[in-house]
Amino acid sequence: MPAYYLEALTVTLGLLLLLAEAFVPAKSKAWVGVFAAIGLGGILLLTFIAIGPEFGVAMGSREVDGVIHLAPKFPKDWMDWPLWNFYRFDPLARFYKILALVTTIFVVLMSIDYRKILARHTEHPGSENGTGEFYALPVFACAGMMWLASAKDLAGAFVALELVTVTFYILVAYMRRNVGSLEAGVKYLILGALSTGFLVYGIAWVYGTTGTMNLREISNFNSQISDPAPLLFGIALVMVGLGFKIGAVPMQVWIPDVYQGAPTPVTAFLSVGSKAAGFILMMRFLDPFLGSDLTRGPVLKLLAILSIATLLFGNLAAIPQTNFKRLLAYSSIAHAGFLLLALACGMAPAAGTLGSVQVVSLYLATYLLMTLGVFFILAQVRIQRDGEDISDFNGLGKTNPTLALALTILLAALAGVPLTAGFIGKFFVFALAVDAGMWAAVGVAFIAAAAGFYYYLKVVRAMWWAEPGNRAAVSLPPISKACVAILTVATLVLGVWPQPILMLLK
């Protein structure tokens, strides 16, 4: 199957869900989310058999007179189709498509159990008429993230990124009867539009300097440019726009308020999906510039400065937080710092070792598991205890010890405790930084990691040692219970056996 069918199927699924929600009468809209998750699961399976020119012509077999003949599955000239000029499907694209699909499936499942809060702040507590579109919109965002992973030119990448961003504009402000959600939507819209302006202006400078927006052809600019200043200015502008998407300092000012005000499933989607989309585009964009002696040095210095500033701000600002959602917002900034540090090393993969791009991808995969698991639990605490402060988790170890144990494992993994998936990601980042000789950055990252232990374990202390302010047990619905169990077990398994992710990367 040609790889570009994946995005076409995803968009078609989103349209069908919107039509079905509009014309199928039903009191509960949960079925829309169920069908969205099933459809995305089917597309996820298809990613393993999809192919593109990067994988060569797929060969099929047919038997004629008892003899097996090999024949191309597609027309002989299928690799010459014009679409491949704008679309790539290499192993990295496949990996990030899988990442986008898995993230969206979990977010949709989380939204099904969160629909009571959505109904309360859209129509009224007894009606779900205003919640049906909430399950279809993440599907369109998923399609945008998948297109981003396969973008070969800056124009296509920009269109895909805006599809993701515009969808998030709607999702963040979806609870229109909630002042916090509306405030978050306005802030995200204004700052998102500003970052888009920087991104477009930077692309214009890069195009004006290199004469192309094709990411592969840009690598040929080295022999044509005598003064790199205009190109570096364009790169800096693009990095400002992308810094907004990943939550890097100083473009992180929107994150705490937007994360706190948005619906919890949207916050989880922003924390994982939006960050992954920003990083895959950043890696694609920077690849030709890191391969040129003309721009490699300045770009790596910029990445190093951004990573150090992001690590310090995210971790130190998280320490005094009392709202769990805001704590996770600053934690998201901190993890962006670790990811930027891996990119700042500029290491290419060698025999038996991972390069910067592979380490970033591995880190994002492990971050997905830990973060989504935490948000599943946070969503149910919000529903059943009507709060998101750390104090709302007081005594959870006494009222529901199994749930508290799962959250303890997930928070320990986010902090980087050994034998968890979070430790694997941080270990590879530190190993890259040591090999690159970035000792100042290693020192800052060590301080940042130590701070992470403090503010994550602050929640663990509240669960196990504080007296419960609300003795009502927090019980997970079947969908959330299954998802938390899967994510927690995966966090532990990948902490000692990360080979499944490494195999996908290869």
# chains A, B, ... in the order shown; residues from 1 in each chain; ligands from 1
call {"tool": "residues_around", "arguments": {"residues": "Thr167 of chain A", "least_positions_apart": "3", "cutoff": "8 Å", "atoms": "only C-alpha atoms", "output": "VMD selection string"}}
result
chain A and resid 137 to 138 140 to 141 163 to 164 170 to 171
call {"tool": "write_last_selection", "arguments": {"atoms": "C-alpha atoms", "output": "PDB file, in the first residue's frame"}}
result
ATOM      1  CA  LEU A 137     -10.995  16.817  15.950  1.00  0.00           C
ATOM      2  CA  PRO A 138      -7.978  14.882  17.307  1.00  0.00           C
ATOM      3  CA  PHE A 140      -7.542  15.718  11.966  1.00  0.00           C
ATOM      4  CA  ALA A 141      -4.669  16.805  14.228  1.00  0.00           C
ATOM      5  CA  LEU A 163      -3.593  21.853  10.396  1.00  0.00           C
ATOM      6  CA  VAL A 164      -2.328  20.641  13.770  1.00  0.00           C
ATOM      7  CA  ILE A 170     -10.545  24.685  18.794  1.00  0.00           C
ATOM      8  CA  LEU A 171      -9.764  21.908  21.266  1.00  0.00           C
TER       9      LEU A 171
END
call {"tool": "residues_around", "arguments": {"residues": "segment 202-217 of chain A", "least_positions_apart": "5", "cutoff": "6 Å", "atoms": "only C-alpha atoms", "output": "ChimeraX atom specification"}}
result
/A:152-154,231,234,237-238
call {"tool": "write_last_selection", "arguments": {"atoms": "N, CA and C atoms", "output": "compact mmCIF listing (two decimals), in the first residue's frame"}}
result
# COMPACT_ATOMS: atom_id res chain seq x y z
N LYS A 152 8.68 16.92 2.74
CA LYS A 152 9.97 17.05 2.05
C LYS A 152 10.29 18.51 1.71
N ASP A 153 9.32 19.40 1.88
CA ASP A 153 9.59 20.81 1.60
C ASP A 153 8.90 21.65 2.67
N LEU A 154 9.39 22.88 2.83
CA LEU A 154 8.92 23.74 3.91
C LEU A 154 7.48 24.19 3.71
N LEU A 231 21.05 33.72 5.86
CA LEU A 231 20.55 32.37 6.08
C LEU A 231 20.42 32.08 7.57
N GLY A 234 17.37 33.70 8.92
CA GLY A 234 16.18 32.91 8.60
C GLY A 234 16.04 31.70 9.49
N LEU A 237 14.76 32.73 12.89
CA LEU A 237 13.32 33.03 12.89
C LEU A 237 12.49 31.75 12.87
N VAL A 238 12.90 30.78 12.08
CA VAL A 238 12.18 29.52 12.06
C VAL A 238 12.26 28.83 13.42
call {"tool": "residues_around", "arguments": {"residues": "Ala431 of chain A", "least_positions_apart": "2", "cutoff": "12 Å", "atoms": "only C-alpha atoms", "output": "PyMOL selection string"}}
result
chain A and resi 338+341-342+345+347+353-356+359+423-429+433-439+441-442+445
call {"tool": "atom_distance", "arguments": {"atom1": "atom CA of Gly443 of chain A", "atom2": "atom CA of Met239 of chain A"}}
result
24.6 Å
call {"tool": "closest_atom_pairs", "arguments": {"of": "segment 231-282 of chain A", "to": "segment 183-186 of chain A", "cutoff": "9 Å", "atoms": "only C-alpha atoms", "output": "JSON lines"}}
result
{"residue": "A:Trp254", "atom": "CA", "partner": "A:Ala184", "partner_atom": "CA", "distance": 8.3}
{"residue": "A:Asp257", "atom": "CA", "partner": "A:Ala184", "partner_atom": "CA", "distance": 6.1}
{"residue": "A:Val258", "atom": "CA", "partner": "A:Ala184", "partner_atom": "CA", "distance": 4.4}
{"residue": "A:Tyr259", "atom": "CA", "partner": "A:Ala184", "partner_atom": "CA", "distance": 7.7}
{"residue": "A:Gln260", "atom": "CA", "partner": "A:Ala184", "partner_atom": "CA", "distance": 7.9}
{"residue": "A:Gly261", "atom": "CA", "partner": "A:Ala184", "partner_atom": "CA", "distance": 5.3}
{"residue": "A:Ala262", "atom": "CA", "partner": "A:Ala184", "partner_atom": "CA", "distance": 6.3}
call {"tool": "write_last_selection", "arguments": {"atoms": "C-alpha atoms", "output": "PDB file, in the first residue's frame"}}
result
ATOM      1  CA  TRP A 254       1.845  30.147  26.907  1.00  0.00           C
ATOM      2  CA  ASP A 257      -1.896  28.858  31.497  1.00  0.00           C
ATOM      3  CA  VAL A 258      -2.962  26.909  28.415  1.00  0.00           C
ATOM      4  CA  TYR A 259      -2.191  23.525  29.996  1.00  0.00           C
ATOM      5  CA  GLN A 260      -4.145  24.456  33.123  1.00  0.00           C
ATOM      6  CA  GLY A 261      -7.185  25.871  31.312  1.00  0.00           C
ATOM      7  CA  ALA A 262      -7.556  23.334  28.499  1.00  0.00           C
TER       8      ALA A 262
END
call {"tool": "closest_residue", "arguments": {"among": "A:Ala473, A:Leu364, A:Ile319, A:Ile105", "to": "Tyr454 of chain A", "atoms": "only C-alpha atoms"}}
result
A:Ile319
call {"tool": "closest_residue", "arguments": {"among": "A:Pro298, A:Gly130, A:Gly14, A:Gly314", "to": "Phe35 of chain A", "atoms": "only C-alpha atoms"}}
result
A:Gly14
